[in-house]
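Step one of this worksheet: look at the structure below.
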Amino acid sequence: MIEARHLRVLRAVAATGSFSAAGRELGCTQPAVSQQMKALESSVGTPLLIRSGREMRLTQAGEALVRHAAGILSGLTAAEEEVAAIAGLRAGRVRLVSFPSGSSTLVPTALAALRAAHPGTRVSLEEAEPPQSVEMLREGDCDVALAFRYEGAARGGDEWEDLVVRPLLRDRLVALVPERHRLARAGSVAIGDLAREPWIAGCPRCRGQLVEVCEGAGFTPRIDFATDDYPAVVGLVGAGLGVAVLPQLAIESVRPRGARTVTLEPAVRREIVALTLPDLAQVPAVAATLDRLERAAGRKQP
């Protein structure tokens, strides 16, 4: 294997014409230069230098290697500078995946702060709900996944035990009813108060949680509409077509025209986290993104 340090010595010998002069230029001894040249010739399997009197001249193989050495060493220098820039957050790339209500609330604040502090760091954003977003992280399709799970939800073991979990906030669910609904001005409602209502359900994970909570209150919800689109949920409720339960972050990202939010008791919350892989957590740009997401979430805590 050809080593970069040997190429640097070869170039110095070619430029100065002797081992001793190359040693002075490189700040090492003449025997050290001789040893490195022997090691390089052993690596390539052919002589690179011919002693001619007090000077050294290159063989044809030596001339070819010196020509290539310039490009190789300049490429290594560029690589070292780029890595140093990434390590110093002067450059870097982060692929972020988030669920929609996180994309419209936490992510903009976090990325604006990240860009202001580290303008060389680029972040791409793609939307996906968990568990798809978590699988994207495990499969190497993103570097950070903004995800959620409901408190108390039944699950075998810890579904994120192989990941680095950065807790962000606990997002409380609220009831959403038409503004002319009999409970529109109630201070709070129990989920059972809505047992006879038609329901509009959200994403698959949220839908499963809704059914679980309702069944815990003694009824099965009659789901007339199901959509992953929060504005569509709000629009359907506003049109008087049913009621819904949505996270507060989702309500924050949509103007609830024709609908009112009501506190749900007992409280139902989802845990919002930022996830990454253990090795990625050591990458400065990823660590900075996690920090900014945490700060953005802190501003939304009650």
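Naming scheme: A, B, ... for chains in displayed order of the structure tokens; residues 1 onward per chain; ligands 1 onward as shown.
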**Message:** When DSSP is applied to the backbone of this structure, which of segment 46-254 of chain A are assigned strand (DSSP E)? Write them out as a ChimeraX atom specification.
**Reply:** /A:49-52,55-58,92-98,121-127,144-150,164-178,188-190,198-201,222-226,244-247
**Request:** Quick one: everything within 12 Å of Leu249 of chain A, counting only C-alpha atoms, minus sequence neighbours fewer than 3 positions away in the same chain. Send it as a PyMOL selection string.
**Result:** chain A and resi 99-107+148+169-174+230+245-246+252-255+269-272+297+300-301
Name all residues at most 12 Å from Asp228 of chain A (count only C-alpha atoms; drop same-chain ones fewer than 4 positions away) and give them as a PDB file with all heavy atoms, in the first residue's frame.
```pdb
ATOM      1  N   PHE A  99     -42.723  14.047  11.280  1.00  0.00           N
ATOM      2  CA  PHE A  99     -44.163  13.926  11.058  1.00  0.00           C
ATOM      3  C   PHE A  99     -44.713  15.330  10.794  1.00  0.00           C
ATOM      4  O   PHE A  99     -44.114  16.337  11.206  1.00  0.00           O
ATOM      5  CB  PHE A  99     -44.852  13.267  12.251  1.00  0.00           C
ATOM      6  CG  PHE A  99     -44.569  13.922  13.571  1.00  0.00           C
ATOM      7  CD1 PHE A  99     -45.414  14.894  14.076  1.00  0.00           C
ATOM      8  CD2 PHE A  99     -43.455  13.559  14.314  1.00  0.00           C
ATOM      9  CE1 PHE A  99     -45.152  15.514  15.295  1.00  0.00           C
ATOM     10  CE2 PHE A  99     -43.189  14.168  15.539  1.00  0.00           C
ATOM     11  CZ  PHE A  99     -44.042  15.140  16.026  1.00  0.00           C
ATOM     12  N   PRO A 100     -45.846  15.466  10.092  1.00  0.00           N
ATOM     13  CA  PRO A 100     -46.298  16.776   9.603  1.00  0.00           C
ATOM     14  C   PRO A 100     -46.450  17.873  10.654  1.00  0.00           C
ATOM     15  O   PRO A 100     -46.002  18.995  10.442  1.00  0.00           O
ATOM     16  CB  PRO A 100     -47.643  16.452   8.930  1.00  0.00           C
ATOM     17  CG  PRO A 100     -47.473  15.055   8.461  1.00  0.00           C
ATOM     18  CD  PRO A 100     -46.677  14.364   9.532  1.00  0.00           C
ATOM     19  N   SER A 101     -47.092  17.580  11.795  1.00  0.00           N
ATOM     20  CA  SER A 101     -47.283  18.658  12.770  1.00  0.00           C
ATOM     21  C   SER A 101     -45.961  19.090  13.394  1.00  0.00           C
ATOM     22  O   SER A 101     -45.814  20.241  13.814  1.00  0.00           O
ATOM     23  CB  SER A 101     -48.285  18.245  13.856  1.00  0.00           C
ATOM     24  OG  SER A 101     -47.856  17.085  14.536  1.00  0.00           O
ATOM     25  N   GLU A 127     -41.023  14.201   5.020  1.00  0.00           N
ATOM     26  CA  GLU A 127     -42.073  13.896   5.979  1.00  0.00           C
ATOM     27  C   GLU A 127     -42.443  12.416   5.966  1.00  0.00           C
ATOM     28  O   GLU A 127     -42.561  11.804   4.911  1.00  0.00           O
ATOM     29  CB  GLU A 127     -43.324  14.738   5.717  1.00  0.00           C
ATOM     30  CG  GLU A 127     -43.154  16.197   6.118  1.00  0.00           C
ATOM     31  CD  GLU A 127     -44.477  16.951   6.136  1.00  0.00           C
ATOM     32  OE1 GLU A 127     -45.450  16.470   5.532  1.00  0.00           O
ATOM     33  OE2 GLU A 127     -44.531  18.022   6.765  1.00  0.00           O
ATOM     34  N   ALA A 128     -42.588  11.874   7.171  1.00  0.00           N
ATOM     35  CA  ALA A 128     -43.050  10.496   7.344  1.00  0.00           C
ATOM     36  C   ALA A 128     -43.507  10.330   8.783  1.00  0.00           C
ATOM     37  O   ALA A 128     -42.926  10.913   9.704  1.00  0.00           O
ATOM     38  CB  ALA A 128     -41.947   9.498   7.027  1.00  0.00           C
ATOM     39  N   GLU A 129     -44.553   9.557   8.963  1.00  0.00           N
ATOM     40  CA  GLU A 129     -45.060   9.265  10.303  1.00  0.00           C
ATOM     41  C   GLU A 129     -44.295   8.070  10.881  1.00  0.00           C
ATOM     42  O   GLU A 129     -43.822   7.203  10.146  1.00  0.00           O
ATOM     43  CB  GLU A 129     -46.550   8.906  10.239  1.00  0.00           C
ATOM     44  CG  GLU A 129     -47.450  10.015   9.724  1.00  0.00           C
ATOM     45  CD  GLU A 129     -47.868  10.985  10.808  1.00  0.00           C
ATOM     46  OE1 GLU A 129     -47.466  10.783  11.970  1.00  0.00           O
ATOM     47  OE2 GLU A 129     -48.603  11.937  10.485  1.00  0.00           O
ATOM     48  N   ILE A 200     -63.952  11.872  13.305  1.00  0.00           N
ATOM     49  CA  ILE A 200     -62.972  12.021  12.222  1.00  0.00           C
ATOM     50  C   ILE A 200     -61.630  11.621  12.813  1.00  0.00           C
ATOM     51  O   ILE A 200     -61.198  12.215  13.809  1.00  0.00           O
ATOM     52  CB  ILE A 200     -62.921  13.456  11.665  1.00  0.00           C
ATOM     53  CG1 ILE A 200     -64.263  13.824  10.996  1.00  0.00           C
ATOM     54  CG2 ILE A 200     -61.796  13.593  10.659  1.00  0.00           C
ATOM     55  CD1 ILE A 200     -65.125  14.687  11.838  1.00  0.00           C
ATOM     56  N   ALA A 201     -60.974  10.622  12.241  1.00  0.00           N
ATOM     57  CA  ALA A 201     -59.719  10.099  12.787  1.00  0.00           C
ATOM     58  C   ALA A 201     -58.536  10.559  11.945  1.00  0.00           C
ATOM     59  O   ALA A 201     -58.670  10.868  10.765  1.00  0.00           O
ATOM     60  CB  ALA A 201     -59.772   8.577  12.853  1.00  0.00           C
ATOM     61  N   GLY A 202     -57.351  10.566  12.585  1.00  0.00           N
ATOM     62  CA  GLY A 202     -56.137  11.039  11.923  1.00  0.00           C
ATOM     63  C   GLY A 202     -55.262   9.914  11.416  1.00  0.00           C
ATOM     64  O   GLY A 202     -55.747   8.915  10.887  1.00  0.00           O
ATOM     65  N   CYS A 203     -53.942  10.062  11.587  1.00  0.00           N
ATOM     66  CA  CYS A 203     -52.973   9.104  11.059  1.00  0.00           C
ATOM     67  C   CYS A 203     -53.188   7.721  11.681  1.00  0.00           C
ATOM     68  O   CYS A 203     -53.843   7.600  12.725  1.00  0.00           O
ATOM     69  CB  CYS A 203     -51.553   9.595  11.339  1.00  0.00           C
ATOM     70  SG  CYS A 203     -51.039   9.465  13.070  1.00  0.00           S
ATOM     71  N   PRO A 204     -52.665   6.657  11.058  1.00  0.00           N
ATOM     72  CA  PRO A 204     -52.893   5.307  11.578  1.00  0.00           C
ATOM     73  C   PRO A 204     -52.523   5.131  13.046  1.00  0.00           C
ATOM     74  O   PRO A 204     -53.266   4.507  13.808  1.00  0.00           O
ATOM     75  CB  PRO A 204     -52.017   4.436  10.663  1.00  0.00           C
ATOM     76  CG  PRO A 204     -51.972   5.188   9.376  1.00  0.00           C
ATOM     77  CD  PRO A 204     -51.950   6.636   9.772  1.00  0.00           C
ATOM     78  N   ARG A 205     -51.383   5.670  13.475  1.00  0.00           N
ATOM     79  CA  ARG A 205     -50.990   5.526  14.876  1.00  0.00           C
ATOM     80  C   ARG A 205     -51.953   6.298  15.781  1.00  0.00           C
ATOM     81  O   ARG A 205     -52.340   5.819  16.841  1.00  0.00           O
ATOM     82  CB  ARG A 205     -49.544   5.993  15.076  1.00  0.00           C
ATOM     83  CG  ARG A 205     -49.087   5.938  16.518  1.00  0.00           C
ATOM     84  CD  ARG A 205     -47.591   6.069  16.669  1.00  0.00           C
ATOM     85  NE  ARG A 205     -46.910   4.820  16.350  1.00  0.00           N
ATOM     86  CZ  ARG A 205     -45.690   4.494  16.801  1.00  0.00           C
ATOM     87  NH1 ARG A 205     -45.027   5.331  17.570  1.00  0.00           N
ATOM     88  NH2 ARG A 205     -45.137   3.350  16.482  1.00  0.00           N
ATOM     89  N   CYS A 206     -52.348   7.499  15.355  1.00  0.00           N
ATOM     90  CA  CYS A 206     -53.309   8.299  16.132  1.00  0.00           C
ATOM     91  C   CYS A 206     -54.671   7.611  16.156  1.00  0.00           C
ATOM     92  O   CYS A 206     -55.378   7.640  17.169  1.00  0.00           O
ATOM     93  CB  CYS A 206     -53.441   9.690  15.538  1.00  0.00           C
ATOM     94  SG  CYS A 206     -51.899  10.624  15.511  1.00  0.00           S
ATOM     95  N   ARG A 207     -55.048   7.001  15.050  1.00  0.00           N
ATOM     96  CA  ARG A 207     -56.326   6.303  14.948  1.00  0.00           C
ATOM     97  C   ARG A 207     -56.366   5.139  15.934  1.00  0.00           C
ATOM     98  O   ARG A 207     -57.352   4.934  16.646  1.00  0.00           O
ATOM     99  CB  ARG A 207     -56.493   5.786  13.517  1.00  0.00           C
ATOM    100  CG  ARG A 207     -57.901   5.519  13.065  1.00  0.00           C
ATOM    101  CD  ARG A 207     -57.888   5.198  11.570  1.00  0.00           C
ATOM    102  NE  ARG A 207     -57.177   6.235  10.829  1.00  0.00           N
ATOM    103  CZ  ARG A 207     -56.592   6.057   9.657  1.00  0.00           C
ATOM    104  NH1 ARG A 207     -56.614   4.877   9.067  1.00  0.00           N
ATOM    105  NH2 ARG A 207     -55.977   7.052   9.045  1.00  0.00           N
ATOM    106  N   ALA A 232     -57.586  18.812   6.853  1.00  0.00           N
ATOM    107  CA  ALA A 232     -58.820  18.145   6.433  1.00  0.00           C
ATOM    108  C   ALA A 232     -59.652  17.739   7.644  1.00  0.00           C
ATOM    109  O   ALA A 232     -60.891  17.868   7.640  1.00  0.00           O
ATOM    110  CB  ALA A 232     -58.495  16.922   5.583  1.00  0.00           C
ATOM    111  N   VAL A 233     -58.979  17.254   8.714  1.00  0.00           N
ATOM    112  CA  VAL A 233     -59.698  16.904   9.944  1.00  0.00           C
ATOM    113  C   VAL A 233     -60.417  18.130  10.487  1.00  0.00           C
ATOM    114  O   VAL A 233     -61.606  18.087  10.822  1.00  0.00           O
ATOM    115  CB  VAL A 233     -58.730  16.337  11.001  1.00  0.00           C
ATOM    116  CG1 VAL A 233     -59.464  16.148  12.339  1.00  0.00           C
ATOM    117  CG2 VAL A 233     -58.131  15.015  10.539  1.00  0.00           C
ATOM    118  N   VAL A 234     -59.690  19.247  10.570  1.00  0.00           N
ATOM    119  CA  VAL A 234     -60.279  20.484  11.099  1.00  0.00           C
ATOM    120  C   VAL A 234     -61.436  20.939  10.214  1.00  0.00           C
ATOM    121  O   VAL A 234     -62.492  21.362  10.709  1.00  0.00           O
ATOM    122  CB  VAL A 234     -59.202  21.582  11.208  1.00  0.00           C
ATOM    123  CG1 VAL A 234     -59.842  22.922  11.575  1.00  0.00           C
ATOM    124  CG2 VAL A 234     -58.157  21.195  12.248  1.00  0.00           C
ATOM    125  N   LEU A 246     -57.170  15.722  18.605  1.00  0.00           N
ATOM    126  CA  LEU A 246     -55.915  16.033  17.921  1.00  0.00           C
ATOM    127  C   LEU A 246     -54.863  16.497  18.922  1.00  0.00           C
ATOM    128  O   LEU A 246     -55.202  17.082  19.958  1.00  0.00           O
ATOM    129  CB  LEU A 246     -56.124  17.140  16.880  1.00  0.00           C
ATOM    130  CG  LEU A 246     -56.968  16.829  15.648  1.00  0.00           C
ATOM    131  CD1 LEU A 246     -57.051  18.068  14.757  1.00  0.00           C
ATOM    132  CD2 LEU A 246     -56.367  15.665  14.871  1.00  0.00           C
ATOM    133  N   ALA A 250     -50.732  19.854  16.403  1.00  0.00           N
ATOM    134  CA  ALA A 250     -51.493  19.833  15.149  1.00  0.00           C
ATOM    135  C   ALA A 250     -52.450  21.017  15.083  1.00  0.00           C
ATOM    136  O   ALA A 250     -52.610  21.650  14.033  1.00  0.00           O
ATOM    137  CB  ALA A 250     -52.263  18.521  15.018  1.00  0.00           C
TER     138      ALA A 250
END
```
**Request:** Enumerate the residues of segment 8-50 of chain A with a DSSP assignment of helix (DSSP H, G or I), computed from the backbone, and present them as an NGL selection string.
**Result:** :A and (8-16 or 19-26 or 30-44)
Next, write the just-selected residues to a file, as a short mmCIF file (atom, residue, chain, number, x, y, z; two decimals), in the first residue's frame, keeping N, CA, C and O atoms as the atom set.
```cif
data_model
loop_
_atom_site.label_atom_id
_atom_site.label_comp_id
_atom_site.auth_asym_id
_atom_site.auth_seq_id
_atom_site.Cartn_x
_atom_site.Cartn_y
_atom_site.Cartn_z
N ARG A 8 5.07 12.19 -0.03
CA ARG A 8 5.60 13.52 0.28
C ARG A 8 7.13 13.51 0.30
O ARG A 8 7.78 14.45 -0.18
N VAL A 9 7.70 12.44 0.83
CA VAL A 9 9.16 12.32 0.85
C VAL A 9 9.70 12.16 -0.57
O VAL A 9 10.70 12.79 -0.94
N LEU A 10 9.04 11.35 -1.38
CA LEU A 10 9.48 11.15 -2.77
C LEU A 10 9.48 12.48 -3.52
O LEU A 10 10.43 12.79 -4.27
N ARG A 11 8.44 13.27 -3.37
CA ARG A 11 8.38 14.57 -4.04
C ARG A 11 9.51 15.48 -3.57
O ARG A 11 10.10 16.22 -4.37
N ALA A 12 9.81 15.43 -2.28
CA ALA A 12 10.89 16.27 -1.76
C ALA A 12 12.23 15.83 -2.34
O ALA A 12 13.08 16.68 -2.69
N VAL A 13 12.46 14.53 -2.43
CA VAL A 13 13.71 14.02 -3.01
C VAL A 13 13.81 14.43 -4.48
O VAL A 13 14.87 14.87 -4.98
N ALA A 14 12.71 14.29 -5.21
CA ALA A 14 12.70 14.67 -6.63
C ALA A 14 12.97 16.16 -6.80
O ALA A 14 13.65 16.57 -7.76
N ALA A 15 12.45 16.97 -5.90
CA ALA A 15 12.61 18.43 -6.02
C ALA A 15 14.00 18.89 -5.62
O ALA A 15 14.55 19.83 -6.20
N THR A 16 14.61 18.21 -4.60
CA THR A 16 15.89 18.69 -4.06
C THR A 16 17.09 17.93 -4.63
O THR A 16 18.21 18.43 -4.62
N PHE A 19 18.85 12.90 -0.56
CA PHE A 19 18.18 12.54 0.68
C PHE A 19 18.41 13.58 1.76
O PHE A 19 17.51 13.92 2.53
N SER A 20 19.62 14.08 1.83
CA SER A 20 19.95 15.04 2.90
C SER A 20 19.18 16.35 2.70
O SER A 20 18.65 16.92 3.66
N ALA A 21 19.10 16.83 1.46
CA ALA A 21 18.37 18.07 1.19
C ALA A 21 16.87 17.87 1.43
O ALA A 21 16.19 18.75 1.97
N ALA A 22 16.35 16.71 1.04
CA ALA A 22 14.94 16.42 1.30
C ALA A 22 14.67 16.37 2.80
O ALA A 22 13.64 16.84 3.29
N GLY A 23 15.64 15.78 3.57
CA GLY A 23 15.49 15.74 5.02
C GLY A 23 15.43 17.12 5.62
O GLY A 23 14.60 17.38 6.52
N ARG A 24 16.29 18.02 5.15
CA ARG A 24 16.26 19.39 5.68
C ARG A 24 14.92 20.07 5.37
O ARG A 24 14.38 20.79 6.20
N GLU A 25 14.40 19.85 4.17
CA GLU A 25 13.13 20.47 3.80
C GLU A 25 11.97 19.92 4.62
O GLU A 25 11.05 20.66 5.00
N LEU A 26 12.04 18.63 4.92
CA LEU A 26 10.94 17.99 5.63
C LEU A 26 11.12 18.02 7.15
O LEU A 26 10.21 17.63 7.89
N GLN A 30 18.56 12.38 7.27
CA GLN A 30 18.81 11.70 6.00
C GLN A 30 18.52 10.21 6.09
O GLN A 30 17.90 9.65 5.18
N PRO A 31 18.89 9.52 7.19
CA PRO A 31 18.54 8.09 7.29
C PRO A 31 17.02 7.84 7.27
O PRO A 31 16.56 6.85 6.72
N ALA A 32 16.26 8.75 7.89
CA ALA A 32 14.80 8.59 7.89
C ALA A 32 14.25 8.67 6.48
O ALA A 32 13.34 7.92 6.09
N VAL A 33 14.79 9.62 5.67
CA VAL A 33 14.36 9.74 4.27
C VAL A 33 14.71 8.46 3.52
O VAL A 33 13.89 7.93 2.75
N SER A 34 15.92 7.94 3.74
CA SER A 34 16.36 6.72 3.06
C SER A 34 15.45 5.55 3.41
O SER A 34 15.04 4.78 2.53
N GLN A 35 15.09 5.42 4.70
CA GLN A 35 14.23 4.31 5.12
C GLN A 35 12.84 4.40 4.47
O GLN A 35 12.27 3.39 4.05
N GLN A 36 12.31 5.62 4.38
CA GLN A 36 10.97 5.78 3.80
C GLN A 36 10.99 5.50 2.30
O GLN A 36 10.02 4.96 1.75
N MET A 37 12.08 5.85 1.63
CA MET A 37 12.17 5.55 0.21
C MET A 37 12.29 4.04 -0.03
O MET A 37 11.71 3.50 -0.98
N LYS A 38 13.02 3.35 0.85
CA LYS A 38 13.10 1.89 0.73
C LYS A 38 11.73 1.26 0.95
O LYS A 38 11.35 0.31 0.25
N ALA A 39 10.99 1.78 1.90
CA ALA A 39 9.65 1.25 2.17
C ALA A 39 8.72 1.48 0.98
O ALA A 39 7.91 0.61 0.64
N LEU A 40 8.84 2.65 0.34
CA LEU A 40 7.98 2.95 -0.80
C LEU A 40 8.34 2.05 -1.98
O LEU A 40 7.45 1.53 -2.67
N GLU A 41 9.63 1.86 -2.23
CA GLU A 41 10.05 0.99 -3.33
C GLU A 41 9.60 -0.45 -3.08
O GLU A 41 9.21 -1.17 -4.01
N SER A 42 9.62 -0.87 -1.80
CA SER A 42 9.14 -2.21 -1.47
C SER A 42 7.64 -2.34 -1.73
O SER A 42 7.17 -3.38 -2.21
N SER A 43 6.90 -1.25 -1.45
CA SER A 43 5.44 -1.27 -1.65
C SER A 43 5.09 -1.39 -3.13
O SER A 43 4.17 -2.12 -3.51
N VAL A 44 5.81 -0.65 -3.99
CA VAL A 44 5.46 -0.66 -5.42
C VAL A 44 6.17 -1.77 -6.18
O VAL A 44 5.81 -2.07 -7.32
#
```
**Message:** Quick one: residues within 12 Å of Ala285 of chain A, only C-alpha atoms, excluding same-chain residues fewer than 5 positions away - as a list in words?
**Reply:**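 After dropping sequence-adjacent residues, the list is Val83, Ala85, Ile86, Ala87, Gly88, Leu89, Arg90, Ala91, Gly92, Arg93, Val94, Arg95, Leu96, Leu111, Leu114, Arg115, Ala117, His118, Pro119, Gly120, Thr121, Arg122, Val123, Asp143, Val144, Leu280, Leu290, Asp291 and Arg292 of chain A.
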**Surrounding residues of Glu161 of chain A excluding itself and chain neighbours under 3 positions, 12 Å, only C-alpha atoms, as a list in words** =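 Residues meeting the cut-off are Val134, Arg138, Gly156, Gly157, Asp158, Val164, Val165, Leu275, Thr276, Leu277 and Pro278 of chain A.
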**Prompt:** What is the distance between atom CA of Met1 of chain A and atom CA of His68 of chain A, in Å to one decimal?
**Reply:**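 Those two atoms sit 14.8 Å apart.
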Mind checking which residues fall within 10 Å of Gly187 of chain A, counting only C-alpha atoms, ignoring those fewer than 5 positions away in the same chain, and posting them as a PDB file with all heavy atoms, in the first residue's frame?
```
ATOM      1  N   THR A 261     -61.615  24.018  20.309  1.00  0.00           N
ATOM      2  CA  THR A 261     -60.880  23.012  21.067  1.00  0.00           C
ATOM      3  C   THR A 261     -61.375  23.000  22.507  1.00  0.00           C
ATOM      4  O   THR A 261     -61.703  24.051  23.075  1.00  0.00           O
ATOM      5  CB  THR A 261     -59.368  23.307  21.048  1.00  0.00           C
ATOM      6  OG1 THR A 261     -59.129  24.597  21.601  1.00  0.00           O
ATOM      7  CG2 THR A 261     -58.822  23.251  19.632  1.00  0.00           C
ATOM      8  N   VAL A 262     -61.417  21.828  23.075  1.00  0.00           N
ATOM      9  CA  VAL A 262     -61.877  21.643  24.451  1.00  0.00           C
ATOM     10  C   VAL A 262     -60.875  20.724  25.154  1.00  0.00           C
ATOM     11  O   VAL A 262     -60.446  19.711  24.575  1.00  0.00           O
ATOM     12  CB  VAL A 262     -63.289  21.018  24.503  1.00  0.00           C
ATOM     13  CG1 VAL A 262     -63.778  20.918  25.945  1.00  0.00           C
ATOM     14  CG2 VAL A 262     -64.269  21.822  23.659  1.00  0.00           C
ATOM     15  N   THR A 263     -60.525  21.064  26.384  1.00  0.00           N
ATOM     16  CA  THR A 263     -59.577  20.250  27.139  1.00  0.00           C
ATOM     17  C   THR A 263     -60.153  18.859  27.387  1.00  0.00           C
ATOM     18  O   THR A 263     -61.326  18.702  27.741  1.00  0.00           O
ATOM     19  CB  THR A 263     -59.260  20.913  28.491  1.00  0.00           C
ATOM     20  OG1 THR A 263     -58.725  22.210  28.252  1.00  0.00           O
ATOM     21  CG2 THR A 263     -58.258  20.093  29.287  1.00  0.00           C
ATOM     22  N   LEU A 264     -59.321  17.863  27.175  1.00  0.00           N
ATOM     23  CA  LEU A 264     -59.747  16.478  27.341  1.00  0.00           C
ATOM     24  C   LEU A 264     -59.270  15.968  28.697  1.00  0.00           C
ATOM     25  O   LEU A 264     -58.086  16.092  29.046  1.00  0.00           O
ATOM     26  CB  LEU A 264     -59.150  15.624  26.213  1.00  0.00           C
ATOM     27  CG  LEU A 264     -59.719  14.234  25.984  1.00  0.00           C
ATOM     28  CD1 LEU A 264     -61.187  14.317  25.578  1.00  0.00           C
ATOM     29  CD2 LEU A 264     -58.907  13.522  24.900  1.00  0.00           C
TER      30      LEU A 264
END
```
**From A:Asp229, A:Glu151, A:Glu55, A:Glu212, residue lying nearest Gly17 of chain A [only C-alpha atoms]** = A:Glu55
**Asked** Using only C-alpha atoms, which of the listed residues (A:Asp141, A:Glu265, A:Glu126, A:Glu135) sits closest to Ala186 of chain A?
**Response**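 Using only C-alpha atoms, the shortest distance to Ala186 of chain A belongs to A:Glu265.
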**Message:** Env of Val237 of chain A: 6 Å cut, atoms = only C-alpha atoms, seq-sep filter 5 positions within chain, self excluded. Answer as a ChimeraX atom specification.
**Reply:** /A:178,242-243
**Counting only C-alpha atoms, the option among A:Gly27, A:Pro198, A:Gly75, A:Gly140 closest to Val97 of chain A** = A:Gly140
**Message:** Between A:Ile191, A:Trp199, A:Ala239, A:Val211, which residue has the minimum interatomic distance to Ile223 of chain A, considering only C-alpha atoms?
**Reply:**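 Looking only at the distances to Ile223 of chain A, the closest residue turns out to be A:Trp199.
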**Request:** Have a look at A:Ile50, A:Val177, A:Leu125, A:Ala274 and name the one nearest to Leu293 of chain A; count only C-alpha atoms.
**Result:**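 Closest to Leu293 of chain A, using only C-alpha atoms: A:Ala274.
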**Request:** Quote the spacing between atom CA of Ala69 of chain A and atom CA of Leu7 of chain A in Å to one decimal place.
**Result:**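 Separating atom CA of Ala69 of chain A from atom CA of Leu7 of chain A is a distance of 6.1 Å.
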**Asked** Please, what distance in Å, to one decimal, runs between atom CA of Ala145 of chain A and atom CA of Ile251 of chain A?
**Response** 21.4 Å
